[in-house]
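> One structure is given below, represented as structure tokens, and several questions about it will come after.
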Amino acid sequence: MILRRVAIVTDSIANLTKQMVKQYNIGIVPIMLLVKGNLYRDGVDMSPSEAYELFLQDPESFNTSPAAPGHYLEAYREASKQAKNILCITLSSKLSTGYEMACVAKERAISEIRDIVIEVMDSQNVTAAEGFVALAAARAAAAGKDLAEVVRVAGEVRDKVTFVILLDTIRHVYRTGRIPKIASQIGSVLSIRPILTNSSGLVSFTGIVRNREQGINRLLDTLRGKVGQSPVHVAVMHAYVPEEAERLKERIASEFNCTELFITEFSPVMGYVTGTGTLGFAFYKE
């Protein structure tokens, strides 16, 4: 194996495609799914589609468990086989303990692996928005950049990337702890569909709609307002609705100046809160 100057590690919530992970040798720390008392590694033991099938059978038995320091330590061990410098990019520290766990694992790895250097970066985001930060870092690493330059490139993308998603139901949002369960149930009966985005490292409501077509148009209006016809990177995300994702991708391709455009599956680690039918995209202006 040819050693690189920098290896990249991130988590499964980054929603990177398998092709991207393989192409850039990105280490993925899988977040754990808890289904009927059994633990599964997100994207390893089952695909997102398989996880959503289990979710639909019994949503109440579906939960998640954050990655532990040992999971990050194992990723660092693997990454050290390709580079002595490692950049680990985590989901927002305001949403999960991932950043803290990655830092704990960093100290263990430094004491265990000779001459290794590890930087841990809080992406201040989630979904494929986090993925874009990791992808920018991986591309810089593949181009032979040193650790400082890879961190700089990742930081530039972190400062401008965001996402917007449309939920098909508000039924499961009570799991965030932000609204009561009864409110979620009432909202579900009324067919209220929230639109979510990133706000200073947190996921926040940016609006609600009563039908799906209106919601998708709102997503596209958001993209149009932020990027206009400037070159833009877009990752279309979906939870168990691949045909709709393909249609959204085609519409974005026809209406915007896309430097990069691809489809990826929305991690069931977040899907257990948002539910199936979730559709949206992460993006940043070139």
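The way I read the labels, and the way they are meant: chains A, B, ... in the order of the structure tokens, residue 1 as the first residue of every chain, and ligand 1 as the first ligand shown, with later ones counted on from there.
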For Glu243 in chain A, work out the shell of residues within 12 Å, counting only C-alpha atoms and skipping chain neighbours fewer than 6 positions away, then give it as number ranges by chain.
A: 236-237, 249-250, 263, 265, 277, 279
> Quick one: residues within 7 Å of range 156-161 of chain A, only C-alpha atoms, excluding same-chain residues fewer than 5 positions away - as a list of chain:residue names?
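Neighbouring residues, sequence-local ones excluded: A:Ser123, A:Ala129, A:Val133, A:Phe283, A:Tyr284.
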> From the set A:Ser111, A:Ser61, A:Ser47, A:Asn38, which residue has the shortest atom-to-atom contact distance to Asn15 in chain A, counting only C-alpha atoms?
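Nearest candidate to Asn15 in chain A out of A:Ser111, A:Ser61, A:Ser47, A:Asn38: A:Ser47.
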> Tell me, in Å to one decimal, how far CA of Arg247 in chain A is from CA of Thr197 in chain A.
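Distance between the two atoms: 21.1 Å.
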> Using backbone DSSP assignments, extract all helix (DSSP H, G or I) residues from range 18-90 of chain A; output them as a PyMOL selection string.
chain A and resi 18-24+48-57+59-61+69-79
> Hey, which of A:Arg139, A:Thr222, A:Val126, A:Ala245 ends up closest to Val203 in chain A? Count only C-alpha atoms.
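Of all the options, A:Val126 lies closest to Val203 in chain A.
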